[in-house]
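Trainee: Quick one: this structure, given as structure tokens, is what I'll be asking you about.
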Amino acid sequence: MSDPLHSDQRPRTPTPRPGGRSARVRADVVAATLAEVTEKGYDGLTAEAVAARSGVHKATLYRRWGGVDGLVADALTASADQPWPLPDTGDLQEDLRRINQEVFSVFTDPEQGPTPTALISAAQRSDTGAAALRDFFAARHRQAAEVAERAVARGELPPGTDGAEVIAAATAPLYYRLFVTGEPLDSRTAERAADAAALAARTGLFSSAPPTP
């Protein structure tokens, strides 16, 4: 194909730049990418459409993002940079339930859900997108690890517990249904996954500390 977005050339991931006009350009392009991928999916996503929607010149877009896959990757990077307010109920199981409830609510909401669903589905279509998706989840797990770290501090979890692994264990069953099997996802399934992760964490499954004799 003559379209450079679907050429064999590896898309570039943009180099982060300081604030000001550059930051505004990036924000406009990310917003346009999200809107386009939500409406048209990966196969219908083009740099030309993103340029037109964002008001950013096509040449600038190609220079900084390299094409569709770079756009998708940067949209994920921008999403990972957003703060994630975490629950702090004083109980690990309840905190994990609330995290899972948020994931469930976002992805099953008819207004909110289509955008993250389309973005993740698009990211799975290229090496660049898949790498950005891995980085996105790793960043989210690191952010939410604070929930488990607080549980360790109050003696609810054993020392050496890997908080990011606890979060990954709690949320993975939700993403498995959403993006692998396509099985229906309901609030009870989300709650059960949180409970299972909390139980496993309390037994020391995610702890690197040697067992107490």
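How things are named: the first chain in the structure tokens is A, the next is B, and so on; residues count from 1 in each chain; ligands count from 1 in the order shown.
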Could you give me, as a ChimeraX atom specification, the residues within 8 Å of Leu34 of chain A, counting only C-alpha atoms and dropping anything in the same chain fewer than 4 positions from it?
Mentor: /A:30,38,75,115,119
Trainee: For the helix (DSSP H, G or I) assignment from backbone DSSP, which residues of segment 3-140 of chain A qualify? Please present them as a PyMOL selection string.
Mentor: chain A and resi 4-6+21-44+47-54+58-65+68-80+92-108+114-123+127-140
Trainee: Hey, can you check how far atom CA of Ala47 of chain A sits from atom CA of Gly113 of chain A?
Mentor: 23.3 Å
Trainee: Can you tell me, as a PDB file with N, CA, C and O atoms, in the first residue's frame, what residues are no more than 8 Å from Phe104 of chain A when counting only C-alpha atoms, ignoring any on the same chain fewer than 5 positions away?
Mentor:
```pdb
ATOM      1  N   LEU A 174     -10.496  -9.454  34.721  1.00  0.00           N
ATOM      2  CA  LEU A 174     -11.411  -8.534  34.039  1.00  0.00           C
ATOM      3  C   LEU A 174     -10.952  -8.315  32.603  1.00  0.00           C
ATOM      4  O   LEU A 174     -11.750  -8.410  31.667  1.00  0.00           O
ATOM      5  N   LEU A 185     -18.950  -9.604  31.458  1.00  0.00           N
ATOM      6  CA  LEU A 185     -18.311  -9.149  32.684  1.00  0.00           C
ATOM      7  C   LEU A 185     -19.351  -8.465  33.549  1.00  0.00           C
ATOM      8  O   LEU A 185     -20.065  -7.578  33.080  1.00  0.00           O
ATOM      9  N   ASP A 186     -19.461  -8.917  34.798  1.00  0.00           N
ATOM     10  CA  ASP A 186     -20.415  -8.297  35.706  1.00  0.00           C
ATOM     11  C   ASP A 186     -19.708  -7.910  36.995  1.00  0.00           C
ATOM     12  O   ASP A 186     -18.542  -8.260  37.221  1.00  0.00           O
ATOM     13  N   SER A 187     -20.410  -7.187  37.842  1.00  0.00           N
ATOM     14  CA  SER A 187     -19.791  -6.670  39.063  1.00  0.00           C
ATOM     15  C   SER A 187     -19.389  -7.791  40.018  1.00  0.00           C
ATOM     16  O   SER A 187     -18.407  -7.665  40.743  1.00  0.00           O
ATOM     17  N   ALA A 190     -16.028  -9.094  38.963  1.00  0.00           N
ATOM     18  CA  ALA A 190     -14.992  -8.139  39.362  1.00  0.00           C
ATOM     19  C   ALA A 190     -14.700  -8.241  40.851  1.00  0.00           C
ATOM     20  O   ALA A 190     -13.540  -8.211  41.281  1.00  0.00           O
TER      21      ALA A 190
END
```
Trainee: Figure out the distance between atom CA of Ala131 of chain A and atom CA of Arg53 of chain A, please, to one decimal in Å.
Mentor: 26.1 Å
Trainee: What's the 9 Å shell around Glu149 of chain A, counting only C-alpha atoms, without same-chain residues fewer than 5 positions away, as a PDB file with all heavy atoms, in the first residue's frame?
Mentor:
```pdb
ATOM      1  N   ARG A 154       0.463  -1.735  57.620  1.00  0.00           N
ATOM      2  CA  ARG A 154      -0.424  -1.943  58.766  1.00  0.00           C
ATOM      3  C   ARG A 154      -0.461  -3.402  59.217  1.00  0.00           C
ATOM      4  O   ARG A 154      -1.275  -3.787  60.070  1.00  0.00           O
ATOM      5  CB  ARG A 154      -1.830  -1.438  58.466  1.00  0.00           C
ATOM      6  CG  ARG A 154      -2.546  -2.061  57.306  1.00  0.00           C
ATOM      7  CD  ARG A 154      -3.956  -1.473  57.149  1.00  0.00           C
ATOM      8  NE  ARG A 154      -4.615  -2.023  55.979  1.00  0.00           N
ATOM      9  CZ  ARG A 154      -4.736  -1.392  54.819  1.00  0.00           C
ATOM     10  NH1 ARG A 154      -4.271  -0.156  54.674  1.00  0.00           N
ATOM     11  NH2 ARG A 154      -5.335  -1.981  53.795  1.00  0.00           N
ATOM     12  N   LEU A 157      -0.500  -7.536  55.217  1.00  0.00           N
ATOM     13  CA  LEU A 157       0.208  -8.376  54.259  1.00  0.00           C
ATOM     14  C   LEU A 157       1.628  -8.615  54.752  1.00  0.00           C
ATOM     15  O   LEU A 157       2.197  -7.771  55.463  1.00  0.00           O
ATOM     16  CB  LEU A 157       0.253  -7.726  52.875  1.00  0.00           C
ATOM     17  CG  LEU A 157      -1.064  -7.541  52.130  1.00  0.00           C
ATOM     18  CD1 LEU A 157      -0.796  -6.929  50.755  1.00  0.00           C
ATOM     19  CD2 LEU A 157      -1.807  -8.859  51.992  1.00  0.00           C
ATOM     20  N   THR A 161       5.900  -8.060  50.061  1.00  0.00           N
ATOM     21  CA  THR A 161       4.827  -8.268  49.087  1.00  0.00           C
ATOM     22  C   THR A 161       5.016  -7.340  47.888  1.00  0.00           C
ATOM     23  O   THR A 161       5.250  -6.148  48.043  1.00  0.00           O
ATOM     24  CB  THR A 161       3.457  -8.006  49.732  1.00  0.00           C
ATOM     25  OG1 THR A 161       3.202  -8.989  50.735  1.00  0.00           O
ATOM     26  CG2 THR A 161       2.343  -8.071  48.686  1.00  0.00           C
ATOM     27  N   ASP A 162       4.917  -7.901  46.701  1.00  0.00           N
ATOM     28  CA  ASP A 162       5.021  -7.125  45.466  1.00  0.00           C
ATOM     29  C   ASP A 162       3.646  -6.533  45.166  1.00  0.00           C
ATOM     30  O   ASP A 162       2.754  -7.220  44.668  1.00  0.00           O
ATOM     31  CB  ASP A 162       5.482  -8.027  44.324  1.00  0.00           C
ATOM     32  CG  ASP A 162       5.791  -7.269  43.048  1.00  0.00           C
ATOM     33  OD1 ASP A 162       5.156  -6.216  42.813  1.00  0.00           O
ATOM     34  OD2 ASP A 162       6.657  -7.716  42.284  1.00  0.00           O
ATOM     35  N   GLY A 163       3.486  -5.239  45.458  1.00  0.00           N
ATOM     36  CA  GLY A 163       2.190  -4.594  45.307  1.00  0.00           C
ATOM     37  C   GLY A 163       1.686  -4.582  43.877  1.00  0.00           C
ATOM     38  O   GLY A 163       0.486  -4.750  43.627  1.00  0.00           O
TER      39      GLY A 163
END
```
Trainee: My list of candidates is A:Ser208, A:Thr203, A:Asn100, A:Thr33. Which is closest to Glu156 of chain A when distances are computed with only C-alpha atoms?
Mentor: A:Thr203
Trainee: Need the shell around Ala132 of chain A: protein/DNA/RNA residues with any atom at most 7 Å away, counting only C-alpha atoms. Skip same-chain ones fewer than 4 positions apart. Format as a tab-separated table (two decimals) with all heavy atoms, in the first residue's frame?
Mentor:
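Okay, this is what ended up in selection-v2.tsv:
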```
chain	number	residue	atom	x	y	z
A	73	ALA	N	0.35	4.45	20.25
A	73	ALA	CA	1.29	4.28	21.36
A	73	ALA	C	1.34	5.51	22.25
A	73	ALA	O	1.34	5.41	23.48
A	73	ALA	CB	2.69	3.97	20.82
A	76	LEU	N	-1.64	5.92	24.54
A	76	LEU	CA	-1.51	5.08	25.73
A	76	LEU	C	-0.54	5.69	26.73
A	76	LEU	O	-0.78	5.69	27.94
A	76	LEU	CB	-1.04	3.68	25.33
A	76	LEU	CG	-2.12	2.75	24.81
A	76	LEU	CD1	-1.50	1.57	24.09
A	76	LEU	CD2	-3.02	2.28	25.94
A	77	THR	N	0.57	6.23	26.22
A	77	THR	CA	1.55	6.86	27.11
A	77	THR	C	0.92	8.05	27.83
A	77	THR	O	1.13	8.23	29.04
A	77	THR	CB	2.77	7.34	26.30
A	77	THR	OG1	3.37	6.21	25.66
A	77	THR	CG2	3.79	8.01	27.20
A	128	THR	N	4.65	-1.83	18.13
A	128	THR	CA	4.81	-0.56	18.84
A	128	THR	C	3.66	-0.35	19.82
A	128	THR	O	3.86	0.04	20.97
A	128	THR	CB	4.84	0.61	17.84
A	128	THR	OG1	5.93	0.42	16.94
A	128	THR	CG2	5.02	1.94	18.55
A	136	PHE	N	1.90	0.74	29.63
A	136	PHE	CA	0.73	1.35	30.26
A	136	PHE	C	0.29	0.55	31.48
A	136	PHE	O	0.09	1.09	32.56
A	136	PHE	CB	-0.41	1.44	29.25
A	136	PHE	CG	-1.73	1.81	29.86
A	136	PHE	CD1	-2.03	3.14	30.15
A	136	PHE	CD2	-2.67	0.84	30.19
A	136	PHE	CE1	-3.24	3.49	30.74
A	136	PHE	CE2	-3.88	1.17	30.77
A	136	PHE	CZ	-4.17	2.50	31.05
```
Trainee: Which one is closest to Gln112 of chain A: A:Ala172, A:Ala80, A:Ala35, A:Val180? Count only C-alpha atoms.
Mentor: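 Going through A:Ala172, A:Ala80, A:Ala35, A:Val180 one by one, the smallest distance to Gln112 of chain A is for A:Ala35.
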Trainee: Using only C-alpha atoms, can you tell me which of A:Arg26, A:Ala151, A:Ala122, A:Thr89 comes closest to Thr60 of chain A?
Mentor: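 The shortest atom-to-atom distance to Thr60 of chain A comes from A:Arg26.
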Trainee: Grab the atom CA of Ala123 of chain A to atom CA of Asp81 of chain A distance for me, in Å with one decimal place.
Mentor: 16.9 Å
Trainee: Which residue is closest to Lys58 of chain A? Choose from A:Ser105, A:Ser22, A:Gln93, A:Thr46 and count only C-alpha atoms.
Mentor: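 Of A:Ser105, A:Ser22, A:Gln93, A:Thr46, the one nearest Lys58 of chain A, counting only C-alpha atoms, is A:Thr46.
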Trainee: Would you list the contacts of Asp195 of chain A as a list in words, taking every protein, DNA or RNA residue within 12 Å and counting only C-alpha atoms, but skipping same-chain residues closer than 3 positions in sequence?
Mentor: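 Near neighbours after the sequence-gap exclusion: Asp91, Leu92, Gln93, Glu94, Asp95, Leu96, Arg97, Arg98, Ile99, Asn100, Val166, Ile167, Ala169, Ala170, Thr171, Pro173, Arg188, Thr189, Ala190, Glu191, Arg192, Ala198, Leu199, Ala200, Ala201 and Arg202 of chain A.
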Trainee: Taking only C-alpha atoms into account, name the residue in A:Ala164, A:Val103, A:Leu178, A:Val147 that is nearest to Leu86 of chain A.
Mentor: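 So, comparing all the options, the nearest one is A:Val147.
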Trainee: From the list A:Glu39, A:Arg140, A:Glu146, A:Asp109, which residue is nearest Pro87 of chain A when using only C-alpha atoms?
Mentor: A:Glu146
